[in-house]
$ cat model15.txt   # compact mmCIF, C-alpha atoms and all ligand atoms
# COMPACT_ATOMS: atom_id res chain seq x y z
CA GLU A 1 215.11 239.00 -88.52
CA ILE A 2 213.85 242.53 -88.58
CA MET A 3 214.19 244.83 -91.55
CA ARG A 4 216.09 248.09 -91.01
CA GLU A 5 213.86 250.10 -93.28
CA THR A 6 210.54 249.06 -94.64
CA PRO A 7 211.08 248.26 -98.31
CA ALA A 8 210.05 250.65 -101.07
CA LYS A 9 208.88 247.73 -103.20
CA PRO A 10 205.96 245.51 -102.25
CA ALA A 11 206.99 242.43 -100.29
CA PRO A 12 207.13 239.17 -102.21
CA GLU A 13 204.13 236.91 -102.04
CA GLN A 14 204.11 234.38 -99.23
CA ARG A 15 202.14 231.23 -98.47
CA ARG A 16 200.45 230.93 -95.14
CA THR A 17 201.17 227.91 -92.99
CA VAL A 18 199.38 228.77 -89.74
CA ARG A 19 196.55 226.38 -88.97
CA LEU A 20 193.25 228.06 -88.17
CA THR A 21 190.91 226.63 -85.57
CA HIS A 22 187.22 227.10 -86.44
CA PRO A 23 187.95 228.52 -89.93
CA ASP A 24 184.20 228.88 -90.55
CA ARG A 25 183.64 231.14 -87.55
CA ILE A 26 181.82 234.21 -88.80
CA TYR A 27 183.54 237.49 -87.98
CA TRP A 28 181.35 239.85 -90.04
CA PRO A 29 177.83 238.36 -90.13
CA ASP A 30 176.38 240.99 -92.50
CA ALA A 31 179.19 240.59 -95.03
CA GLY A 32 179.54 236.84 -94.50
CA VAL A 33 183.28 237.08 -93.84
CA THR A 34 184.71 234.17 -91.85
CA LYS A 35 188.03 233.64 -90.12
CA ALA A 36 189.27 231.69 -93.16
CA GLY A 37 187.98 234.45 -95.44
CA LEU A 38 189.93 237.04 -93.47
CA ALA A 39 193.09 234.90 -93.61
CA ASP A 40 192.67 234.54 -97.39
CA TYR A 41 192.22 238.31 -97.68
CA TYR A 42 195.47 239.02 -95.81
CA ALA A 43 197.37 236.35 -97.76
CA GLU A 44 196.26 238.05 -100.98
CA ILE A 45 196.97 241.61 -99.82
CA TRP A 46 200.27 240.66 -98.12
CA PRO A 47 202.65 242.28 -100.64
CA ARG A 48 200.89 245.63 -100.11
CA ILE A 49 200.29 245.55 -96.37
CA ALA A 50 203.65 244.05 -95.35
CA PRO A 51 205.70 247.29 -95.26
CA PHE A 52 203.15 248.86 -92.90
CA VAL A 53 202.70 246.05 -90.39
CA THR A 54 206.06 244.26 -90.12
CA GLY A 55 208.79 245.19 -87.64
CA ARG A 56 206.74 247.67 -85.61
CA PRO A 57 204.68 247.46 -82.43
CA LEU A 58 201.03 246.66 -83.13
CA ALA A 59 197.85 247.20 -81.17
CA LEU A 60 194.95 244.93 -82.04
CA LEU A 61 191.21 245.24 -81.85
CA ARG A 62 190.25 241.69 -80.94
CA CYS A 63 186.75 240.40 -81.45
CA PRO A 64 186.59 236.69 -80.53
CA GLU A 65 182.85 236.50 -81.28
CA GLY A 66 183.05 238.70 -84.36
CA ILE A 67 182.01 242.33 -84.67
CA LYS A 68 178.72 241.77 -82.86
CA GLY A 69 180.35 240.44 -79.69
CA GLN A 70 182.61 241.94 -77.07
CA THR A 71 185.71 243.60 -78.45
CA PHE A 72 188.88 244.75 -76.75
CA PHE A 73 191.94 246.75 -77.69
CA GLN A 74 195.14 244.85 -76.92
CA LYS A 75 198.73 246.12 -76.96
CA HIS A 76 200.61 243.40 -75.13
CA VAL A 77 201.38 239.77 -75.96
CA TRP A 78 199.46 237.20 -73.95
CA LYS A 79 199.86 233.60 -72.94
CA GLY A 80 198.76 231.46 -75.85
CA ILE A 81 199.50 233.99 -78.60
CA GLY A 82 200.79 232.22 -81.72
CA ARG A 83 204.54 231.56 -81.77
CA GLN A 84 204.63 233.28 -85.20
CA VAL A 85 204.05 236.57 -83.36
CA ALA A 86 207.23 238.34 -82.22
CA PRO A 87 207.13 239.88 -78.74
CA VAL A 88 209.04 243.17 -78.57
CA VAL A 89 210.05 244.98 -75.39
CA ASP A 90 209.64 248.74 -75.38
CA PRO A 91 213.12 250.02 -74.44
CA LYS A 92 211.51 252.79 -72.38
CA HIS A 93 209.32 250.39 -70.42
CA LYS A 94 211.53 247.36 -69.96
CA SER A 95 209.68 245.99 -66.95
CA GLU A 96 206.31 245.97 -68.71
CA ALA A 97 204.84 243.11 -70.72
CA ALA A 98 206.17 242.83 -74.27
CA LEU A 99 204.31 244.46 -77.15
CA ILE A 100 203.06 242.64 -80.23
CA SER A 101 204.88 242.58 -83.58
CA VAL A 102 204.99 240.41 -86.70
CA ASN A 103 207.71 239.81 -89.25
CA ASP A 104 205.93 237.80 -91.92
CA LEU A 105 202.57 236.63 -93.26
CA ASP A 106 202.37 233.80 -90.75
CA GLY A 107 202.62 236.36 -87.95
CA LEU A 108 199.70 238.29 -89.41
CA ILE A 109 197.67 235.08 -89.84
CA ALA A 110 198.38 234.22 -86.20
CA LEU A 111 196.70 237.52 -85.37
CA VAL A 112 193.71 236.51 -87.52
CA GLN A 113 193.61 233.23 -85.57
CA ALA A 114 193.50 235.43 -82.43
CA ALA A 115 190.48 237.32 -83.84
CA ALA A 116 192.36 240.57 -84.44
CA LEU A 117 189.92 242.32 -86.77
CA GLU A 118 191.86 245.61 -86.76
CA ILE A 119 195.64 246.09 -86.92
CA HIS A 120 196.93 249.40 -85.50
CA PRO A 121 200.70 249.92 -85.88
CA TRP A 122 202.90 252.46 -84.22
CA GLY A 123 204.40 255.10 -86.49
CA ALA A 124 207.91 253.82 -85.69
CA THR A 125 209.78 250.58 -86.19
CA VAL A 126 211.38 248.42 -83.53
CA THR A 127 214.81 249.32 -84.89
CA ASP A 128 214.18 253.00 -84.09
CA TRP A 129 211.53 253.33 -81.40
CA GLU A 130 212.12 257.02 -80.69
CA ARG A 131 211.99 258.36 -84.24
CA PRO A 132 208.77 257.96 -86.25
CA ASP A 133 208.95 256.95 -89.90
CA VAL A 134 205.42 258.08 -90.71
CA MET A 135 203.20 261.00 -89.83
CA VAL A 136 199.44 260.45 -89.82
CA MET A 137 196.94 263.29 -90.02
CA ASP A 138 193.58 261.82 -89.03
CA LEU A 139 190.55 263.75 -90.23
CA ASP A 140 187.55 263.16 -88.00
CA PRO A 141 184.29 264.75 -89.18
CA GLY A 142 181.95 265.82 -86.39
CA GLU A 143 178.22 265.37 -86.62
CA GLY A 144 176.57 267.02 -89.59
CA VAL A 145 179.70 267.45 -91.73
CA ASP A 146 179.32 266.73 -95.46
CA TRP A 147 181.68 264.31 -97.12
CA SER A 148 182.73 267.07 -99.54
CA ALA A 149 184.07 269.06 -96.59
CA VAL A 150 186.12 266.06 -95.48
CA THR A 151 187.60 265.63 -98.95
CA GLN A 152 188.44 269.35 -99.03
CA ALA A 153 190.14 269.04 -95.66
CA ALA A 154 192.29 266.20 -97.01
CA GLU A 155 193.31 268.35 -99.98
CA GLU A 156 194.23 271.19 -97.66
CA VAL A 157 196.31 268.89 -95.44
CA ARG A 158 198.04 267.61 -98.56
CA GLN A 159 198.84 271.15 -99.71
CA ARG A 160 200.26 272.08 -96.33
CA LEU A 161 202.36 268.91 -96.10
CA GLU A 162 203.68 269.36 -99.63
CA ALA A 163 204.44 273.02 -98.95
CA ALA A 164 206.64 271.77 -96.11
CA GLY A 165 208.39 269.44 -98.58
CA LEU A 166 206.70 266.24 -97.40
CA ALA A 167 204.98 263.66 -99.58
CA ALA A 168 201.30 263.04 -98.79
CA PHE A 169 199.45 259.78 -99.30
CA LEU A 170 195.72 259.30 -98.85
CA LYS A 171 193.60 256.49 -97.44
CA THR A 172 190.07 255.91 -96.29
CA SER A 173 189.85 255.07 -92.61
CA GLY A 174 187.26 252.36 -93.17
CA GLY A 175 185.24 254.27 -90.55
CA LYS A 176 184.04 257.86 -90.90
CA GLY A 177 187.01 259.82 -92.15
CA LEU A 178 190.24 259.98 -94.09
CA HIS A 179 193.91 259.70 -93.18
CA VAL A 180 196.71 261.63 -94.87
CA VAL A 181 200.05 259.93 -94.29
CA SER A 182 203.59 261.19 -94.89
CA PRO A 183 206.63 258.90 -94.99
CA LEU A 184 209.51 260.19 -92.87
CA SER A 185 213.17 259.35 -92.69
CA PRO A 186 213.50 258.62 -88.98
CA LYS A 187 215.38 261.71 -87.76
CA ALA A 188 212.98 263.81 -85.70
CA ASP A 189 211.84 262.31 -82.39
CA TRP A 190 208.27 261.91 -81.15
CA ARG A 191 208.25 265.27 -79.42
CA GLU A 192 209.21 267.03 -82.64
CA ALA A 193 206.77 265.01 -84.74
CA LYS A 194 203.90 265.80 -82.41
CA ALA A 195 204.83 269.48 -82.34
CA PHE A 196 204.85 269.60 -86.15
CA ALA A 197 201.49 267.85 -86.46
CA LYS A 198 199.98 270.01 -83.72
CA ALA A 199 201.21 273.20 -85.36
CA MET A 200 199.64 272.17 -88.65
CA ALA A 201 196.32 271.25 -87.03
CA GLU A 202 196.26 274.51 -85.07
CA ALA A 203 197.09 276.56 -88.16
CA MET A 204 194.12 275.01 -89.99
CA ALA A 205 191.83 275.62 -87.01
CA SER A 206 192.89 279.26 -86.66
CA ASP A 207 192.78 279.99 -90.40
CA THR A 208 189.33 278.42 -90.85
CA PRO A 209 187.71 278.14 -87.42
CA ASP A 210 184.24 277.46 -88.80
CA ARG A 211 185.52 274.27 -90.47
CA TYR A 212 188.33 272.85 -88.39
CA VAL A 213 189.17 272.18 -84.75
CA ALA A 214 192.43 270.92 -83.31
CA THR A 215 191.21 269.97 -79.82
CA ILE A 216 189.31 266.84 -78.97
CA ALA A 217 186.69 268.64 -76.83
CA LYS A 218 183.46 267.09 -78.14
CA SER A 219 181.44 270.31 -77.73
CA LYS A 220 183.54 272.11 -80.36
CA ARG A 221 183.34 269.34 -82.94
CA ARG A 222 179.72 269.54 -84.04
CA GLY A 223 179.68 270.63 -87.68
CA ARG A 224 183.49 270.76 -87.82
CA ILE A 225 186.33 268.44 -88.68
CA LEU A 226 188.78 267.50 -85.97
CA ILE A 227 192.33 267.53 -87.32
CA ASP A 228 193.45 264.76 -84.99
CA TYR A 229 197.21 265.17 -84.74
CA LEU A 230 197.48 262.93 -81.67
CA ARG A 231 198.26 259.86 -83.77
CA ASN A 232 201.79 261.32 -83.74
CA GLN A 233 202.92 260.76 -80.19
CA ARG A 234 204.92 257.98 -78.63
CA GLY A 235 202.80 254.86 -78.20
CA ALA A 236 199.91 256.16 -80.30
CA THR A 237 198.60 254.05 -83.16
CA ALA A 238 196.53 254.44 -86.30
CA VAL A 239 194.85 251.71 -88.29
CA ALA A 240 197.16 250.21 -90.94
CA PRO A 241 196.57 250.69 -94.65
CA TYR A 242 194.71 247.58 -95.86
CA SER A 243 193.66 246.61 -92.32
CA THR A 244 190.05 245.56 -91.95
CA ARG A 245 187.74 247.37 -89.50
CA ALA A 246 185.43 245.69 -87.00
CA ARG A 247 182.41 247.49 -88.40
CA PRO A 248 179.44 246.42 -90.49
CA GLY A 249 180.29 245.50 -94.08
CA ALA A 250 183.90 244.45 -93.35
CA PRO A 251 185.38 247.79 -94.52
CA VAL A 252 189.10 248.17 -95.19
CA SER A 253 191.26 251.25 -94.64
CA THR A 254 192.15 251.67 -98.31
CA PRO A 255 194.93 253.66 -100.01
CA LEU A 256 193.56 255.95 -102.74
CA HIS A 257 195.06 257.90 -105.58
CA TRP A 258 194.50 261.61 -104.96
CA ASP A 259 192.39 261.85 -108.11
CA GLU A 260 190.00 259.26 -106.67
CA LEU A 261 189.11 261.62 -103.84
CA GLY A 262 185.54 262.79 -104.32
CA PRO A 263 181.87 262.01 -103.81
CA GLY A 264 182.08 258.53 -105.34
CA ILE A 265 184.24 256.93 -102.67
CA GLY A 266 183.10 257.24 -99.07
CA PRO A 267 185.21 256.37 -96.02
CA ALA A 268 183.98 252.77 -95.85
CA HIS A 269 183.58 252.23 -99.60
CA PHE A 270 186.15 249.46 -99.94
CA THR A 271 185.61 246.19 -98.12
CA VAL A 272 187.05 242.69 -97.89
CA SER A 273 184.44 241.75 -100.48
CA ASN A 274 185.10 244.38 -103.17
CA LEU A 275 188.81 245.10 -102.73
CA ARG A 276 189.79 242.03 -104.73
CA ASP A 277 188.24 243.50 -107.89
CA ARG A 278 190.00 246.80 -107.26
CA LEU A 279 193.36 245.04 -106.99
CA GLU A 280 192.77 243.18 -110.22
CA MET A 281 191.83 246.31 -112.15
CA GLN A 282 194.41 248.61 -110.60
CA LYS A 283 197.56 249.04 -112.63
CA ARG A 284 199.48 250.67 -109.82
CA ASP A 285 199.28 250.63 -106.04
CA PRO A 286 198.20 254.16 -105.00
CA TRP A 287 200.97 254.09 -102.39
CA ASP A 288 203.69 253.00 -104.81
CA GLY A 289 206.90 254.82 -103.92
CA PHE A 290 205.78 255.52 -100.36
CA ARG A 291 209.04 254.65 -98.61
CA GLY A 292 211.17 256.18 -101.35
CA ALA A 293 209.44 259.53 -100.82
CA ALA A 294 210.53 259.77 -97.16
CA ILE A 295 212.46 262.84 -96.01
CA PRO A 296 213.44 264.01 -92.54
CA LEU A 297 210.66 265.99 -90.88
CA PRO A 298 211.16 269.74 -91.31
CA ALA A 299 211.26 271.83 -88.14
CA ARG A 300 207.82 273.35 -88.68
CA PRO A 301 204.92 273.20 -91.17
P1 LIG B 1 187.35 257.14 -88.18
O1 LIG B 1 187.48 257.51 -89.60
O2 LIG B 1 186.00 256.58 -87.88
O3 LIG B 1 187.76 258.26 -87.28
P2 LIG B 1 189.78 256.03 -87.22
O4 LIG B 1 190.51 254.78 -87.37
O5 LIG B 1 190.51 257.24 -87.68
O6 LIG B 1 188.39 255.92 -87.95
P3 LIG B 1 189.68 257.31 -84.67
O7 LIG B 1 188.67 257.16 -83.58
O8 LIG B 1 189.82 258.63 -85.32
O9 LIG B 1 189.38 256.14 -85.70
O10 LIG B 1 191.11 256.91 -84.19
C1 LIG B 1 191.32 256.39 -82.95
C2 LIG B 1 192.67 255.81 -82.95
O11 LIG B 1 193.00 255.48 -81.60
C3 LIG B 1 192.70 254.51 -83.72
O12 LIG B 1 193.35 254.69 -84.93
C4 LIG B 1 193.47 253.55 -82.84
O13 LIG B 1 194.78 253.34 -83.30
C5 LIG B 1 193.42 254.16 -81.50
N1 LIG B 1 192.45 253.43 -80.70
C6 LIG B 1 191.30 252.89 -81.08
N2 LIG B 1 190.69 252.27 -80.08
C7 LIG B 1 191.48 252.46 -79.01
C8 LIG B 1 191.41 252.07 -77.63
N3 LIG B 1 190.39 251.37 -77.16
N4 LIG B 1 192.42 252.44 -76.83
C9 LIG B 1 193.44 253.15 -77.30
N5 LIG B 1 193.58 253.55 -78.58
C10 LIG B 1 192.61 253.21 -79.42
MN MN B 2 189.79 259.14 -87.50
MN MN B 3 190.86 260.35 -84.45

$ encode --input "model15.txt" --output "C-alpha cells" --more "lines below"
Ligand code: ATP
Ligand code: MN
Ligand code: MN
Amino acid sequence: EIMRETPAKPAPEQRRTVRLTHPDRIYWPDAGVTKAGLADYYAEIWPRIAPFVTGRPLALLRCPEGIKGQTFFQKHVWKGIGRQVAPVVDPKHKSEAALISVNDLDGLIALVQAAALEIHPWGATVTDWERPDVMVMDLDPGEGVDWSAVTQAAEEVRQRLEAAGLAAFLKTSGGKGLHVVSPLSPKADWREAKAFAKAMAEAMASDTPDRYVATIAKSKRRGRILIDYLRNQRGATAVAPYSTRARPGAPVSTPLHWDELGPGIGPAHFTVSNLRDRLEMQKRDPWDGFRGAAIPLPARP
C-alpha cells in the first residue's frame, strides 16, 4: 500500500527481514563499511529516511564491487531485483520498463543487497507523478570556491525561498556542495516548478554574476557556484536525505539545522561511521516538521 502523503512524523521503527548474501562484502574499503554495515545503518536511520524514499520513483547508483569498482546509475527494475522492491510504471511512459520504488525498510534493504550505495528519489510521489512535493536547489561550487561562499549561497537561497513564502531545509550533499530543499503541497506541475527554480537561479546569477551561475556550461563555473535548478524537472533526481554516497569515507547527505551551517561542517562531514553519535546526541531531527511546512508553489520567486 502506498501512502497518499509522506507523513509529517518519522516513520515507526521496523525490523529488517531481507537476507543478505555476502554480508561481509566491503563496500567502502577506506571506511571499512560492509554490506551488513550499510544494512544496519539504514535499519537504524529508517524512521528519518522513510518519508523521503518511500512511495516515489528511485534511481540508484549501484556499485557491486564497492566504491572502487565499476558503478552504474540505474532507474529501471531488473530481473532478479528483490521482491521487496515495488516496480512502478511511469504513466507517461507506459511501454517502458517499470521504475524502482520501495514501501518499507525491507524494500530499502533489498536495494542494499543489490549494492545500491546511493538512493536518488524523484521529487514527486507515485500517487501524483506530475506534481512535485519537493523543490531542491542544488549548490555546486566550481573549482576554487571557498566553503564560506557556499554557505553564504545557501543562506541567500533560504532568504529567497522564505521571501516567496516557502520553508527551506538544509542538507549536506555528501559530495562537494549543499542542497536547500522546500516541501511543496503538490499543486504546481513540473513545468511550473522548473520555471520557478530557474527564475530564482537566474535572479541570483544576474544580481551577483561574480559569484553565481545558472547555466551548466563548465567554462563559466570556475570560481563560481552553479545554482543547479535542474533537479526540478520531470524525471530528475537528487540524492535522498540520509542516503550514503559512493565516495571515500562513506559520507551521508545529512540534514542540518541552519545554525549548524558554517566552517565546522563540510559537505562530506557526516558519514556512516559518525552519524550514529550525532543521532544519539541530537534532541531534534533538523528536518522535523518538513512535511507540515509544505505549501503550494507560488507563481514566481
Ligand atoms: P555534489 O555536492 O558533489 O554536487 P550532488 O549529489 O549534488 O553532489 P550533482 O552532480 O550536483 O551531485 O547532482 C547530480 C544529480 O544528477 C544527482 O543528484 C543525481 O540524482 C543525478 N545523477 C547522478 N548521476 C547520474 C547519472 N549517471 N545519470 C543521470 N543522473 C545522474
Ligand atoms: Mn550538487
Ligand atoms: Mn548539480

$ closest_residue --input "model15.txt" --among "A:Lys94, A:Leu111, A:Ala294, A:Ile265" --to "Ala168 in chain A" --atoms "only C-alpha atoms"
A:Ala294

$ closest_atom_pairs --input "model15.txt" --of "chain A" --to "ligand MN 3 (chain B)" --cutoff "10 Å" --atoms "all atoms listed in the file" --output "CSV"
residue,atom,partner,partner_atom,distance
A:Met137,CA,B:MN3,MN,8.8
A:Asp138,CA,B:MN3,MN,5.5
A:Leu139,CA,B:MN3,MN,6.7
A:Asp140,CA,B:MN3,MN,5.6
A:Pro141,CA,B:MN3,MN,9.2
A:Ser173,CA,B:MN3,MN,9.8
A:Lys176,CA,B:MN3,MN,9.7
A:Gly177,CA,B:MN3,MN,8.6
A:Leu178,CA,B:MN3,MN,9.7
A:His179,CA,B:MN3,MN,9.3
A:Ile216,CA,B:MN3,MN,8.6
A:Leu226,CA,B:MN3,MN,7.6
A:Ile227,CA,B:MN3,MN,7.9
A:Asp228,CA,B:MN3,MN,5.1
A:Tyr229,CA,B:MN3,MN,8.0
A:Leu230,CA,B:MN3,MN,7.6
A:Arg231,CA,B:MN3,MN,7.4
A:Ala238,CA,B:MN3,MN,8.4

$ atom_distance --input "model15.txt" --atom1 "CA of Ser182 in chain A" --atom2 "CA of Leu166 in chain A"
6.4 Å

$ residues_around --input "model15.txt" --residues "Ala154 in chain A" --least-positions-apart "4" --cutoff "7 Å" --atoms "all atoms listed in the file" --output "ChimeraX atom specification"
/A:150,158,180

$ closest_residue --input "model15.txt" --among "A:Ala299, A:Val145, A:Ala163, A:Ala114" --to "Ala188 in chain A" --atoms "only C-alpha atoms"
A:Ala299

$ decode --input "model15.txt" --residues "range 109-142 of chain A" --atoms "N, CA and C atoms" --output "PDB file, in the first residue's frame"
ATOM      1  N   ILE A 109      16.369  -2.383   2.163  1.00  0.00           N
ATOM      2  CA  ILE A 109      17.437  -3.371   2.392  1.00  0.00           C
ATOM      3  C   ILE A 109      17.652  -4.221   1.139  1.00  0.00           C
ATOM      4  N   ALA A 110      16.577  -4.472   0.391  1.00  0.00           N
ATOM      5  CA  ALA A 110      16.743  -5.191  -0.880  1.00  0.00           C
ATOM      6  C   ALA A 110      17.620  -4.375  -1.838  1.00  0.00           C
ATOM      7  N   LEU A 111      17.549  -3.065  -1.735  1.00  0.00           N
ATOM      8  CA  LEU A 111      18.430  -2.225  -2.563  1.00  0.00           C
ATOM      9  C   LEU A 111      19.882  -2.301  -2.074  1.00  0.00           C
ATOM     10  N   VAL A 112      20.058  -2.402  -0.761  1.00  0.00           N
ATOM     11  CA  VAL A 112      21.407  -2.612  -0.211  1.00  0.00           C
ATOM     12  C   VAL A 112      21.968  -3.944  -0.718  1.00  0.00           C
ATOM     13  N   GLN A 113      21.127  -4.979  -0.683  1.00  0.00           N
ATOM     14  CA  GLN A 113      21.523  -6.298  -1.201  1.00  0.00           C
ATOM     15  C   GLN A 113      21.969  -6.175  -2.665  1.00  0.00           C
ATOM     16  N   ALA A 114      21.321  -5.248  -3.411  1.00  0.00           N
ATOM     17  CA  ALA A 114      21.644  -5.035  -4.823  1.00  0.00           C
ATOM     18  C   ALA A 114      22.774  -4.015  -4.998  1.00  0.00           C
ATOM     19  N   ALA A 115      23.475  -3.704  -3.922  1.00  0.00           N
ATOM     20  CA  ALA A 115      24.650  -2.819  -3.967  1.00  0.00           C
ATOM     21  C   ALA A 115      24.309  -1.397  -4.393  1.00  0.00           C
ATOM     22  N   ALA A 116      23.123  -0.935  -4.020  1.00  0.00           N
ATOM     23  CA  ALA A 116      22.763   0.463  -4.267  1.00  0.00           C
ATOM     24  C   ALA A 116      23.410   1.304  -3.163  1.00  0.00           C
ATOM     25  N   LEU A 117      24.487   2.001  -3.508  1.00  0.00           N
ATOM     26  CA  LEU A 117      25.194   2.789  -2.485  1.00  0.00           C
ATOM     27  C   LEU A 117      24.716   4.232  -2.449  1.00  0.00           C
ATOM     28  N   GLU A 118      23.892   4.621  -3.435  1.00  0.00           N
ATOM     29  CA  GLU A 118      23.252   5.946  -3.389  1.00  0.00           C
ATOM     30  C   GLU A 118      21.802   5.790  -3.811  1.00  0.00           C
ATOM     31  N   ILE A 119      20.905   6.486  -3.106  1.00  0.00           N
ATOM     32  CA  ILE A 119      19.470   6.442  -3.384  1.00  0.00           C
ATOM     33  C   ILE A 119      19.042   7.841  -3.839  1.00  0.00           C
ATOM     34  N   HIS A 120      18.537   7.935  -5.061  1.00  0.00           N
ATOM     35  CA  HIS A 120      18.174   9.240  -5.645  1.00  0.00           C
ATOM     36  C   HIS A 120      16.699   9.264  -6.018  1.00  0.00           C
ATOM     37  N   PRO A 121      15.843   9.799  -5.147  1.00  0.00           N
ATOM     38  CA  PRO A 121      14.402   9.836  -5.438  1.00  0.00           C
ATOM     39  C   PRO A 121      14.021  10.963  -6.391  1.00  0.00           C
ATOM     40  N   TRP A 122      12.908  10.743  -7.043  1.00  0.00           N
ATOM     41  CA  TRP A 122      12.207  11.827  -7.730  1.00  0.00           C
ATOM     42  C   TRP A 122      11.699  12.817  -6.676  1.00  0.00           C
ATOM     43  N   GLY A 123      11.341  13.999  -7.134  1.00  0.00           N
ATOM     44  CA  GLY A 123      10.694  14.978  -6.263  1.00  0.00           C
ATOM     45  C   GLY A 123       9.185  14.884  -6.321  1.00  0.00           C
ATOM     46  N   ALA A 124       8.651  13.735  -6.674  1.00  0.00           N
ATOM     47  CA  ALA A 124       7.194  13.525  -6.697  1.00  0.00           C
ATOM     48  C   ALA A 124       6.909  12.095  -6.262  1.00  0.00           C
ATOM     49  N   THR A 125       5.702  11.881  -5.782  1.00  0.00           N
ATOM     50  CA  THR A 125       5.326  10.538  -5.347  1.00  0.00           C
ATOM     51  C   THR A 125       4.577   9.810  -6.463  1.00  0.00           C
ATOM     52  N   VAL A 126       4.424   8.512  -6.302  1.00  0.00           N
ATOM     53  CA  VAL A 126       3.742   7.726  -7.338  1.00  0.00           C
ATOM     54  C   VAL A 126       2.218   7.880  -7.251  1.00  0.00           C
ATOM     55  N   THR A 127       1.731   8.636  -6.291  1.00  0.00           N
ATOM     56  CA  THR A 127       0.305   8.956  -6.283  1.00  0.00           C
ATOM     57  C   THR A 127       0.032  10.270  -7.021  1.00  0.00           C
ATOM     58  N   ASP A 128       1.095  10.986  -7.374  1.00  0.00           N
ATOM     59  CA  ASP A 128       0.931  12.284  -8.040  1.00  0.00           C
ATOM     60  C   ASP A 128       2.178  12.587  -8.863  1.00  0.00           C
ATOM     61  N   TRP A 129       2.340  11.834  -9.933  1.00  0.00           N
ATOM     62  CA  TRP A 129       3.586  11.879 -10.714  1.00  0.00           C
ATOM     63  C   TRP A 129       3.860  13.246 -11.321  1.00  0.00           C
ATOM     64  N   GLU A 130       2.807  14.002 -11.626  1.00  0.00           N
ATOM     65  CA  GLU A 130       3.001  15.245 -12.397  1.00  0.00           C
ATOM     66  C   GLU A 130       3.211  16.466 -11.524  1.00  0.00           C
ATOM     67  N   ARG A 131       3.034  16.305 -10.195  1.00  0.00           N
ATOM     68  CA  ARG A 131       3.112  17.493  -9.334  1.00  0.00           C
ATOM     69  C   ARG A 131       4.108  17.258  -8.202  1.00  0.00           C
ATOM     70  N   PRO A 132       5.275  17.888  -8.284  1.00  0.00           N
ATOM     71  CA  PRO A 132       6.323  17.657  -7.285  1.00  0.00           C
ATOM     72  C   PRO A 132       5.901  18.068  -5.876  1.00  0.00           C
ATOM     73  N   ASP A 133       6.392  17.314  -4.890  1.00  0.00           N
ATOM     74  CA  ASP A 133       6.127  17.667  -3.493  1.00  0.00           C
ATOM     75  C   ASP A 133       7.384  18.145  -2.769  1.00  0.00           C
ATOM     76  N   VAL A 134       8.468  18.312  -3.529  1.00  0.00           N
ATOM     77  CA  VAL A 134       9.658  18.986  -3.003  1.00  0.00           C
ATOM     78  C   VAL A 134      10.307  19.797  -4.115  1.00  0.00           C
ATOM     79  N   MET A 135      11.019  20.848  -3.713  1.00  0.00           N
ATOM     80  CA  MET A 135      11.877  21.566  -4.637  1.00  0.00           C
ATOM     81  C   MET A 135      13.299  21.527  -4.074  1.00  0.00           C
ATOM     82  N   VAL A 136      14.248  21.178  -4.924  1.00  0.00           N
ATOM     83  CA  VAL A 136      15.636  21.045  -4.484  1.00  0.00           C
ATOM     84  C   VAL A 136      16.497  22.059  -5.216  1.00  0.00           C
ATOM     85  N   MET A 137      17.133  22.950  -4.466  1.00  0.00           N
ATOM     86  CA  MET A 137      18.130  23.839  -5.049  1.00  0.00           C
ATOM     87  C   MET A 137      19.501  23.256  -4.688  1.00  0.00           C
ATOM     88  N   ASP A 138      20.226  22.886  -5.724  1.00  0.00           N
ATOM     89  CA  ASP A 138      21.493  22.158  -5.589  1.00  0.00           C
ATOM     90  C   ASP A 138      22.629  23.148  -5.833  1.00  0.00           C
ATOM     91  N   LEU A 139      23.441  23.370  -4.837  1.00  0.00           N
ATOM     92  CA  LEU A 139      24.521  24.354  -4.943  1.00  0.00           C
ATOM     93  C   LEU A 139      25.832  23.637  -5.234  1.00  0.00           C
ATOM     94  N   ASP A 140      26.342  23.887  -6.431  1.00  0.00           N
ATOM     95  CA  ASP A 140      27.532  23.186  -6.916  1.00  0.00           C
ATOM     96  C   ASP A 140      28.698  24.146  -7.070  1.00  0.00           C
ATOM     97  N   PRO A 141      29.626  24.143  -6.093  1.00  0.00           N
ATOM     98  CA  PRO A 141      30.777  25.045  -6.195  1.00  0.00           C
ATOM     99  C   PRO A 141      31.714  24.633  -7.323  1.00  0.00           C
ATOM    100  N   GLY A 142      32.100  25.587  -8.159  1.00  0.00           N
ATOM    101  CA  GLY A 142      33.126  25.334  -9.164  1.00  0.00           C
ATOM    102  C   GLY A 142      34.500  25.277  -8.504  1.00  0.00           C
TER     103      GLY A 142
END
